[in-house]
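> Data file run-v4.cif (mmCIF, N, CA and C atoms and all ligand atoms) is appended below.
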```
data_entry
#
loop_
_atom_site.label_atom_id
_atom_site.label_comp_id
_atom_site.auth_asym_id
_atom_site.auth_seq_id
_atom_site.Cartn_x
_atom_site.Cartn_y
_atom_site.Cartn_z
N MET A 1 92.40 93.62 85.66
CA MET A 1 92.21 92.19 85.91
C MET A 1 93.06 91.76 87.10
N ILE A 2 92.44 91.06 88.02
CA ILE A 2 93.22 90.53 89.13
C ILE A 2 93.07 89.02 89.17
N VAL A 3 94.08 88.36 89.63
CA VAL A 3 94.03 86.91 89.78
C VAL A 3 94.04 86.61 91.26
N LEU A 4 93.06 85.87 91.68
CA LEU A 4 93.01 85.51 93.09
C LEU A 4 93.20 84.02 93.24
N ASP A 5 93.94 83.64 94.26
CA ASP A 5 94.13 82.23 94.55
C ASP A 5 93.07 81.84 95.57
N ILE A 6 92.28 80.88 95.20
CA ILE A 6 91.08 80.58 95.98
C ILE A 6 91.13 79.14 96.46
N LEU A 7 90.60 78.94 97.64
CA LEU A 7 90.57 77.61 98.25
C LEU A 7 89.12 77.28 98.57
N CYS A 8 88.67 76.09 98.17
CA CYS A 8 87.31 75.70 98.53
C CYS A 8 87.34 74.93 99.84
N ASP A 9 86.16 74.63 100.38
CA ASP A 9 86.13 73.99 101.70
C ASP A 9 86.56 72.53 101.66
N SER A 10 86.76 71.98 100.46
CA SER A 10 87.30 70.62 100.37
C SER A 10 88.81 70.64 100.12
N GLY A 11 89.39 71.83 100.14
CA GLY A 11 90.84 71.92 100.01
C GLY A 11 91.34 72.01 98.58
N HIS A 12 90.45 72.20 97.60
CA HIS A 12 90.92 72.41 96.23
C HIS A 12 91.38 73.85 96.07
N ARG A 13 92.45 73.99 95.35
CA ARG A 13 92.99 75.32 95.11
C ARG A 13 92.81 75.66 93.64
N PHE A 14 92.33 76.83 93.36
CA PHE A 14 92.17 77.21 91.96
C PHE A 14 92.31 78.72 91.81
N ASP A 15 92.54 79.13 90.58
CA ASP A 15 92.70 80.55 90.27
C ASP A 15 91.36 81.15 89.90
N GLY A 16 91.13 82.35 90.32
CA GLY A 16 89.95 83.08 89.85
C GLY A 16 90.40 84.39 89.24
N TRP A 17 89.87 84.67 88.07
CA TRP A 17 90.20 85.93 87.39
C TRP A 17 89.01 86.86 87.50
N PHE A 18 89.26 88.06 87.96
CA PHE A 18 88.15 89.00 88.15
C PHE A 18 88.53 90.35 87.58
N ALA A 19 87.52 91.05 87.08
CA ALA A 19 87.76 92.36 86.48
C ALA A 19 88.26 93.34 87.54
N SER A 20 87.78 93.19 88.75
CA SER A 20 88.15 94.11 89.81
C SER A 20 87.81 93.46 91.14
N SER A 21 88.25 94.09 92.21
CA SER A 21 87.93 93.54 93.52
C SER A 21 86.43 93.62 93.78
N ASP A 22 85.78 94.64 93.22
CA ASP A 22 84.33 94.74 93.36
C ASP A 22 83.65 93.54 92.69
N ALA A 23 84.15 93.18 91.51
CA ALA A 23 83.56 92.05 90.79
C ALA A 23 83.70 90.78 91.61
N PHE A 24 84.87 90.62 92.23
CA PHE A 24 85.09 89.44 93.05
C PHE A 24 84.11 89.40 94.22
N ARG A 25 83.98 90.54 94.90
CA ARG A 25 83.11 90.61 96.08
C ARG A 25 81.67 90.30 95.69
N GLU A 26 81.25 90.90 94.58
CA GLU A 26 79.87 90.69 94.15
C GLU A 26 79.61 89.23 93.79
N GLN A 27 80.58 88.65 93.07
CA GLN A 27 80.39 87.26 92.65
C GLN A 27 80.42 86.31 93.85
N CYS A 28 81.21 86.67 94.86
CA CYS A 28 81.23 85.87 96.08
C CYS A 28 79.88 85.93 96.78
N GLN A 29 79.37 87.15 96.90
CA GLN A 29 78.10 87.34 97.59
C GLN A 29 76.98 86.58 96.87
N ARG A 30 77.04 86.56 95.55
CA ARG A 30 76.00 85.85 94.79
C ARG A 30 76.34 84.39 94.61
N GLN A 31 77.42 83.95 95.27
CA GLN A 31 77.85 82.55 95.23
C GLN A 31 78.11 82.08 93.80
N LEU A 32 78.69 82.97 93.02
CA LEU A 32 79.03 82.61 91.65
C LEU A 32 80.46 82.09 91.55
N VAL A 33 81.19 82.24 92.65
CA VAL A 33 82.56 81.73 92.64
C VAL A 33 82.49 80.28 93.09
N GLN A 34 82.77 79.40 92.16
CA GLN A 34 82.52 77.99 92.40
C GLN A 34 83.78 77.19 92.13
N CYS A 35 84.03 76.24 93.00
CA CYS A 35 85.19 75.37 92.79
C CYS A 35 85.00 74.54 91.53
N PRO A 36 85.97 74.57 90.60
CA PRO A 36 85.83 73.80 89.36
C PRO A 36 85.92 72.29 89.60
N HIS A 37 86.41 71.90 90.77
CA HIS A 37 86.59 70.47 91.03
C HIS A 37 85.36 69.85 91.69
N CYS A 38 84.76 70.55 92.64
CA CYS A 38 83.64 69.95 93.37
C CYS A 38 82.41 70.85 93.38
N GLN A 39 82.48 71.97 92.67
CA GLN A 39 81.33 72.88 92.54
C GLN A 39 80.90 73.51 93.87
N SER A 40 81.76 73.44 94.86
CA SER A 40 81.44 74.09 96.12
C SER A 40 81.51 75.60 95.96
N THR A 41 80.58 76.30 96.60
CA THR A 41 80.67 77.76 96.59
C THR A 41 81.18 78.28 97.92
N ALA A 42 81.53 77.35 98.81
CA ALA A 42 82.13 77.75 100.09
C ALA A 42 83.62 77.95 99.86
N VAL A 43 83.97 79.12 99.36
CA VAL A 43 85.35 79.36 98.98
C VAL A 43 85.93 80.51 99.81
N SER A 44 87.25 80.49 99.96
CA SER A 44 87.91 81.59 100.64
C SER A 44 89.20 81.91 99.91
N LEU A 45 89.70 83.09 100.16
CA LEU A 45 90.98 83.46 99.58
C LEU A 45 92.08 82.83 100.39
N LEU A 46 93.13 82.41 99.70
CA LEU A 46 94.28 81.90 100.43
C LEU A 46 94.92 83.05 101.20
N PRO A 47 95.35 82.75 102.43
CA PRO A 47 95.79 83.81 103.32
C PRO A 47 97.12 84.45 102.97
N SER A 48 97.98 83.76 102.26
CA SER A 48 99.31 84.31 101.99
C SER A 48 99.23 85.20 100.77
N ALA A 49 99.62 86.46 100.92
CA ALA A 49 99.27 87.39 99.87
C ALA A 49 100.37 88.38 99.53
N PRO A 50 101.11 88.12 98.45
CA PRO A 50 102.03 89.17 97.98
C PRO A 50 101.21 90.33 97.45
N HIS A 51 101.65 91.51 97.79
CA HIS A 51 100.95 92.69 97.32
C HIS A 51 101.67 93.20 96.10
N VAL A 52 100.95 93.37 95.03
CA VAL A 52 101.58 93.80 93.78
C VAL A 52 101.10 95.19 93.45
N ARG A 53 102.05 96.09 93.38
CA ARG A 53 101.67 97.45 93.07
C ARG A 53 101.79 97.66 91.57
N ARG A 54 100.76 98.19 91.00
CA ARG A 54 100.81 98.52 89.58
C ARG A 54 100.66 100.01 89.45
N GLY A 55 101.02 100.51 88.28
CA GLY A 55 100.99 101.95 88.06
C GLY A 55 99.63 102.55 88.32
N ALA A 56 98.61 101.98 87.73
CA ALA A 56 97.29 102.57 87.83
C ALA A 56 96.40 101.71 88.70
N THR A 57 95.63 102.34 89.53
CA THR A 57 94.62 101.59 90.26
C THR A 57 93.40 101.45 89.35
N THR A 58 92.56 100.55 89.71
CA THR A 58 91.36 100.30 88.91
C THR A 58 90.51 101.57 88.86
N ASP A 59 90.19 102.01 87.66
CA ASP A 59 89.34 103.19 87.61
C ASP A 59 87.89 102.76 87.75
N PRO A 60 87.09 103.60 88.39
CA PRO A 60 85.72 103.19 88.70
C PRO A 60 84.90 102.89 87.46
N GLY A 61 85.31 103.41 86.33
CA GLY A 61 84.60 103.15 85.10
C GLY A 61 84.64 101.69 84.68
N GLY A 62 85.53 100.94 85.24
CA GLY A 62 85.54 99.52 84.92
C GLY A 62 86.81 99.07 84.25
N GLU A 63 86.75 98.79 82.97
CA GLU A 63 87.84 98.08 82.30
C GLU A 63 89.13 98.88 82.30
N SER A 64 89.79 98.91 83.42
CA SER A 64 91.09 99.55 83.42
C SER A 64 92.07 98.58 82.77
N ARG A 65 92.96 99.12 82.01
CA ARG A 65 93.88 98.26 81.28
C ARG A 65 95.20 98.17 82.01
N ALA A 66 95.12 97.65 83.22
CA ALA A 66 96.34 97.43 83.98
C ALA A 66 97.18 96.41 83.22
N PRO A 67 98.48 96.56 83.28
CA PRO A 67 99.33 95.58 82.59
C PRO A 67 99.13 94.22 83.22
N ALA A 68 98.23 93.45 82.67
CA ALA A 68 97.90 92.17 83.26
C ALA A 68 99.03 91.19 83.04
N LEU A 69 99.05 90.19 83.86
CA LEU A 69 99.99 89.11 83.64
C LEU A 69 99.67 88.50 82.28
N PRO A 70 100.68 88.15 81.53
CA PRO A 70 100.42 87.60 80.20
C PRO A 70 99.62 86.31 80.31
N ALA A 71 98.82 86.07 79.29
CA ALA A 71 98.09 84.81 79.26
C ALA A 71 99.10 83.68 79.23
N ALA A 72 98.97 82.77 80.13
CA ALA A 72 99.97 81.72 80.24
C ALA A 72 99.35 80.52 80.92
N PRO A 73 99.91 79.37 80.64
CA PRO A 73 99.43 78.19 81.37
C PRO A 73 99.59 78.39 82.87
N ALA A 74 98.82 77.67 83.64
CA ALA A 74 98.81 77.85 85.08
C ALA A 74 100.21 77.71 85.68
N ALA A 75 100.99 76.80 85.14
CA ALA A 75 102.32 76.58 85.71
C ALA A 75 103.19 77.83 85.57
N GLN A 76 103.09 78.46 84.40
CA GLN A 76 103.87 79.69 84.19
C GLN A 76 103.38 80.81 85.09
N LEU A 77 102.07 80.85 85.22
CA LEU A 77 101.46 81.86 86.08
C LEU A 77 101.96 81.68 87.51
N PHE A 78 101.96 80.44 87.93
CA PHE A 78 102.42 80.10 89.27
C PHE A 78 103.86 80.60 89.46
N GLN A 79 104.69 80.34 88.46
CA GLN A 79 106.09 80.76 88.55
C GLN A 79 106.22 82.27 88.58
N ALA A 80 105.39 82.95 87.77
CA ALA A 80 105.45 84.41 87.74
C ALA A 80 105.09 84.97 89.11
N LEU A 81 104.06 84.41 89.70
CA LEU A 81 103.64 84.89 91.02
C LEU A 81 104.69 84.55 92.07
N ALA A 82 105.23 83.36 91.96
CA ALA A 82 106.26 82.95 92.92
C ALA A 82 107.47 83.87 92.82
N GLN A 83 107.78 84.26 91.58
CA GLN A 83 108.90 85.17 91.34
C GLN A 83 108.65 86.52 92.01
N ILE A 84 107.44 87.04 91.83
CA ILE A 84 107.07 88.29 92.47
C ILE A 84 107.19 88.15 93.98
N ALA A 85 106.68 87.03 94.48
CA ALA A 85 106.69 86.80 95.92
C ALA A 85 108.11 86.74 96.45
N ARG A 86 109.00 86.11 95.69
CA ARG A 86 110.37 85.93 96.14
C ARG A 86 111.10 87.27 96.22
N GLN A 87 110.78 88.16 95.28
CA GLN A 87 111.47 89.45 95.25
C GLN A 87 110.83 90.47 96.18
N ALA A 88 109.62 90.17 96.60
CA ALA A 88 108.92 91.14 97.44
C ALA A 88 109.51 91.15 98.84
N GLU A 89 109.39 92.28 99.49
CA GLU A 89 109.88 92.41 100.86
C GLU A 89 108.91 91.69 101.79
N ASN A 90 109.46 90.85 102.64
CA ASN A 90 108.60 90.11 103.57
C ASN A 90 108.31 90.97 104.79
N VAL A 91 107.06 91.34 104.95
CA VAL A 91 106.68 92.17 106.10
C VAL A 91 105.85 91.36 107.10
N GLY A 92 105.74 90.04 106.82
CA GLY A 92 105.09 89.15 107.77
C GLY A 92 103.69 89.58 108.13
N THR A 93 103.40 89.57 109.41
CA THR A 93 102.02 89.86 109.84
C THR A 93 101.71 91.35 109.78
N ARG A 94 102.69 92.18 109.48
CA ARG A 94 102.40 93.62 109.29
C ARG A 94 101.85 93.88 107.89
N PHE A 95 101.61 92.82 107.13
CA PHE A 95 101.21 92.98 105.74
C PHE A 95 100.03 93.94 105.53
N PRO A 96 98.91 93.74 106.25
CA PRO A 96 97.76 94.64 105.97
C PRO A 96 98.10 96.10 106.25
N GLU A 97 98.81 96.33 107.37
CA GLU A 97 99.20 97.69 107.75
C GLU A 97 100.14 98.30 106.71
N GLU A 98 101.12 97.50 106.29
CA GLU A 98 102.13 98.01 105.36
C GLU A 98 101.51 98.24 103.97
N ALA A 99 100.61 97.36 103.56
CA ALA A 99 99.94 97.53 102.26
C ALA A 99 99.16 98.85 102.25
N ARG A 100 98.52 99.17 103.38
CA ARG A 100 97.78 100.43 103.48
C ARG A 100 98.72 101.63 103.42
N ARG A 101 99.85 101.53 104.14
CA ARG A 101 100.79 102.66 104.16
C ARG A 101 101.30 102.94 102.75
N ILE A 102 101.59 101.87 102.00
CA ILE A 102 102.07 102.06 100.63
C ILE A 102 100.95 102.67 99.78
N HIS A 103 99.76 102.14 99.96
CA HIS A 103 98.62 102.62 99.16
C HIS A 103 98.39 104.11 99.40
N TYR A 104 98.51 104.53 100.64
CA TYR A 104 98.26 105.95 100.96
C TYR A 104 99.56 106.77 100.92
N GLU A 105 100.58 106.18 100.32
CA GLU A 105 101.86 106.86 100.08
C GLU A 105 102.52 107.34 101.35
N GLU A 106 102.36 106.58 102.42
CA GLU A 106 103.07 106.88 103.66
C GLU A 106 104.35 106.05 103.76
N ALA A 107 104.52 105.16 102.81
CA ALA A 107 105.71 104.32 102.78
C ALA A 107 106.14 104.17 101.32
N PRO A 108 107.44 103.91 101.09
CA PRO A 108 107.93 103.80 99.71
C PRO A 108 107.19 102.70 98.94
N ALA A 109 106.90 102.98 97.68
CA ALA A 109 106.21 102.00 96.85
C ALA A 109 107.12 100.82 96.58
N ARG A 110 106.62 99.66 96.85
CA ARG A 110 107.37 98.43 96.57
C ARG A 110 106.41 97.26 96.71
N ASN A 111 106.85 96.14 96.19
CA ASN A 111 106.05 94.93 96.38
C ASN A 111 106.38 94.35 97.75
N ILE A 112 105.35 93.95 98.43
CA ILE A 112 105.58 93.32 99.72
C ILE A 112 104.80 92.01 99.75
N ARG A 113 105.23 91.17 100.67
CA ARG A 113 104.45 89.95 100.87
C ARG A 113 104.35 89.70 102.37
N GLY A 114 103.40 88.90 102.73
CA GLY A 114 103.23 88.63 104.14
C GLY A 114 101.92 87.92 104.36
N GLN A 115 101.56 87.86 105.62
CA GLN A 115 100.35 87.12 105.95
C GLN A 115 99.19 88.08 106.18
N ALA A 116 98.04 87.69 105.66
CA ALA A 116 96.82 88.42 105.94
C ALA A 116 95.70 87.40 105.99
N SER A 117 94.78 87.59 106.89
CA SER A 117 93.64 86.69 106.94
C SER A 117 92.73 86.98 105.75
N ALA A 118 91.83 86.07 105.46
CA ALA A 118 90.88 86.30 104.36
C ALA A 118 90.11 87.58 104.61
N GLY A 119 89.73 87.83 105.85
CA GLY A 119 88.99 89.04 106.18
C GLY A 119 89.81 90.29 105.92
N GLU A 120 91.07 90.26 106.35
CA GLU A 120 91.95 91.41 106.11
C GLU A 120 92.15 91.64 104.63
N THR A 121 92.28 90.53 103.88
CA THR A 121 92.47 90.65 102.44
C THR A 121 91.26 91.32 101.80
N MET A 122 90.07 90.91 102.21
CA MET A 122 88.87 91.52 101.65
C MET A 122 88.79 93.01 101.99
N GLU A 123 89.19 93.36 103.21
CA GLU A 123 89.19 94.78 103.60
C GLU A 123 90.10 95.59 102.69
N LEU A 124 91.28 95.03 102.43
CA LEU A 124 92.23 95.74 101.57
C LEU A 124 91.65 95.90 100.17
N LEU A 125 91.05 94.82 99.66
CA LEU A 125 90.46 94.89 98.32
C LEU A 125 89.35 95.94 98.29
N GLU A 126 88.58 96.01 99.37
CA GLU A 126 87.50 96.99 99.42
C GLU A 126 88.02 98.41 99.42
N GLU A 127 89.22 98.60 99.97
CA GLU A 127 89.81 99.94 99.96
C GLU A 127 90.49 100.24 98.64
N GLY A 128 90.41 99.30 97.70
CA GLY A 128 91.01 99.53 96.39
C GLY A 128 92.49 99.20 96.36
N ILE A 129 92.95 98.46 97.36
CA ILE A 129 94.34 98.06 97.39
C ILE A 129 94.46 96.69 96.73
N LEU A 130 95.29 96.63 95.70
CA LEU A 130 95.39 95.39 94.94
C LEU A 130 96.22 94.38 95.72
N VAL A 131 95.57 93.32 96.10
CA VAL A 131 96.23 92.26 96.84
C VAL A 131 96.07 90.98 96.05
N LEU A 132 97.15 90.27 95.86
CA LEU A 132 97.06 89.01 95.15
C LEU A 132 97.36 87.88 96.11
N PRO A 133 96.32 87.26 96.61
CA PRO A 133 96.60 86.05 97.39
C PRO A 133 97.18 85.04 96.43
N ALA A 134 98.36 84.59 96.67
CA ALA A 134 99.05 83.81 95.66
C ALA A 134 99.73 82.61 96.27
N PRO A 135 99.91 81.61 95.42
CA PRO A 135 100.67 80.46 95.90
C PRO A 135 102.09 80.91 96.21
N VAL A 136 102.54 80.63 97.38
CA VAL A 136 103.88 81.06 97.76
C VAL A 136 104.70 79.80 98.00
N PRO A 137 105.91 79.78 97.47
CA PRO A 137 106.75 78.59 97.65
C PRO A 137 107.02 78.34 99.12
N HIS A 138 107.49 77.16 99.40
CA HIS A 138 107.82 76.84 100.78
C HIS A 138 108.79 77.86 101.35
N GLU A 139 108.61 78.14 102.62
CA GLU A 139 109.41 79.18 103.26
C GLU A 139 110.91 78.97 103.05
N ASP A 140 111.36 77.73 103.00
CA ASP A 140 112.81 77.50 102.95
C ASP A 140 113.40 77.97 101.62
N GLU A 141 112.55 78.24 100.62
CA GLU A 141 113.08 78.77 99.38
C GLU A 141 113.43 80.26 99.50
N PHE A 142 113.05 80.85 100.59
CA PHE A 142 113.31 82.28 100.75
C PHE A 142 114.65 82.56 101.42
N HIS A 143 115.31 81.53 101.92
CA HIS A 143 116.55 81.77 102.63
C HIS A 143 117.67 82.13 101.70
ZN ZN B 201 86.56 71.94 95.63
#
```
Mind turning this structure into structure tokens?
Ligand SMILES: [Zn+2]

Amino acid sequence: MIVLDILCDSGHRFDGWFASSDAFREQCQRQLVQCPHCQSTAVSLLPSAPHVRRGATTDPGGESRAPALPAAPAAQLFQALAQIARQAENVGTRFPEEARRIHYEEAPARNIRGQASAGETMELLEEGILVLPAPVPHEDEFH
């Protein structure tokens, strides 16, 4: 299960839960990802994306039982993600490159955060790299 932070074209932000990155891509293509506030299907992933490494990658068979974030109210979820983001190494605009290096074990495994465009995020998801576009606290909280 992955949680994606999604933005609609009217600026509403909401969480989307998907079984896998494939499920997300398919639902996007079929315009099934809909803003709960205005029903717009013109949605995009938020660009700021902490990368969360988990032990197991999604197995092609489907229901991989990755240690999902516990069921929690949105506020707690937000805090959990913010916590991950705060502890993650900030690699800035090298995020897509660094996420790939970690995925292919060319760099030490760790959580990283940084900037990636929606397109870059989708590319990473397509390569099976778990990326969580997540709400990130204001930059000044990182000092
Ligand atoms: Zn909306």
> Using only N, CA and C atoms and all ligand atoms, find each residue with an atom at most 8 Å away from ligand ZN 201 (chain B) and format the answer as JSON, numbers by chain.
{"A": [7, 8, 9, 10, 11, 12, 13, 14, 34, 35, 36, 37, 38, 39, 40, 41, 42]}
> Show me as a list in words the residues that reach within 9 Å of (90.6, 93.1, 90.8), counting only C-alpha atoms and using the file's own coordinates.
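Within 9 Å of (90.6, 93.1, 90.8), the protein and nucleic acid residues are Met1, Ile2, Val3, Leu4, Trp17, Phe18, Ala19, Ser20, Ser21, Asp22, Ala23, Phe24, Thr58, Leu125, Gly128, Leu130, Val131 and Leu132 of chain A.
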> Record the distance separating CA of Gly119 in chain A and CA of Gln87 in chain A, expressed in Å with one decimal.
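Distance reported for this atom pair: 25.0 Å.
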> Between atom C of Ala99 in chain A and atom C of Glu126 in chain A, what distance in Å does the model show, to one decimal?
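It comes out at 11.5 Å.
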> So how many Å separate atom C of Ala109 in chain A and atom C of Ala88 in chain A, to one decimal?
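For atom C of Ala109 in chain A relative to atom C of Ala88 in chain A, the distance reads 10.2 Å.
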> Filtering to N, CA and C atoms, could range 80-103 of chain A of the supplied structure be written out as a compact mmCIF listing (two decimals), in the first residue's frame?

```
# COMPACT_ATOMS: atom_id res chain seq x y z
N ALA A 80 3.28 11.64 10.78
CA ALA A 80 4.18 10.52 10.53
C ALA A 80 5.03 10.79 9.29
N LEU A 81 4.38 11.30 8.26
CA LEU A 81 5.12 11.59 7.03
C LEU A 81 6.09 12.74 7.24
N ALA A 82 5.64 13.73 7.98
CA ALA A 82 6.51 14.87 8.25
C ALA A 82 7.74 14.43 9.04
N GLN A 83 7.51 13.49 9.95
CA GLN A 83 8.60 12.94 10.76
C GLN A 83 9.62 12.24 9.87
N ILE A 84 9.11 11.41 8.96
CA ILE A 84 9.99 10.72 8.01
C ILE A 84 10.77 11.75 7.20
N ALA A 85 10.05 12.77 6.74
CA ALA A 85 10.68 13.78 5.90
C ALA A 85 11.77 14.51 6.66
N ARG A 86 11.51 14.79 7.94
CA ARG A 86 12.47 15.54 8.74
C ARG A 86 13.76 14.76 8.95
N GLN A 87 13.61 13.44 9.11
CA GLN A 87 14.78 12.61 9.37
C GLN A 87 15.50 12.21 8.11
N ALA A 88 14.83 12.36 6.99
CA ALA A 88 15.43 11.92 5.73
C ALA A 88 16.53 12.89 5.31
N GLU A 89 17.48 12.36 4.58
CA GLU A 89 18.57 13.20 4.08
C GLU A 89 18.04 14.04 2.92
N ASN A 90 18.31 15.33 2.99
CA ASN A 90 17.84 16.21 1.92
C ASN A 90 18.82 16.19 0.76
N VAL A 91 18.39 15.66 -0.36
CA VAL A 91 19.26 15.61 -1.54
C VAL A 91 18.80 16.59 -2.60
N GLY A 92 17.80 17.41 -2.25
CA GLY A 92 17.36 18.48 -3.13
C GLY A 92 16.98 17.99 -4.51
N THR A 93 17.47 18.67 -5.51
CA THR A 93 17.05 18.34 -6.88
C THR A 93 17.73 17.08 -7.40
N ARG A 94 18.66 16.51 -6.64
CA ARG A 94 19.25 15.23 -7.05
C ARG A 94 18.35 14.06 -6.66
N PHE A 95 17.16 14.37 -6.15
CA PHE A 95 16.29 13.33 -5.62
C PHE A 95 16.06 12.16 -6.59
N PRO A 96 15.64 12.44 -7.84
CA PRO A 96 15.35 11.28 -8.73
C PRO A 96 16.59 10.41 -8.95
N GLU A 97 17.73 11.07 -9.15
CA GLU A 97 18.99 10.36 -9.38
C GLU A 97 19.37 9.53 -8.15
N GLU A 98 19.26 10.16 -6.99
CA GLU A 98 19.68 9.49 -5.75
C GLU A 98 18.72 8.33 -5.41
N ALA A 99 17.43 8.53 -5.65
CA ALA A 99 16.45 7.47 -5.39
C ALA A 99 16.78 6.24 -6.25
N ARG A 100 17.18 6.49 -7.51
CA ARG A 100 17.55 5.38 -8.40
C ARG A 100 18.80 4.68 -7.90
N ARG A 101 19.80 5.47 -7.47
CA ARG A 101 21.06 4.86 -7.01
C ARG A 101 20.80 3.96 -5.81
N ILE A 102 19.93 4.42 -4.91
CA ILE A 102 19.61 3.60 -3.73
C ILE A 102 18.86 2.34 -4.18
N HIS A 103 17.92 2.54 -5.08
CA HIS A 103 17.11 1.40 -5.56
C HIS A 103 17.99 0.34 -6.18
```
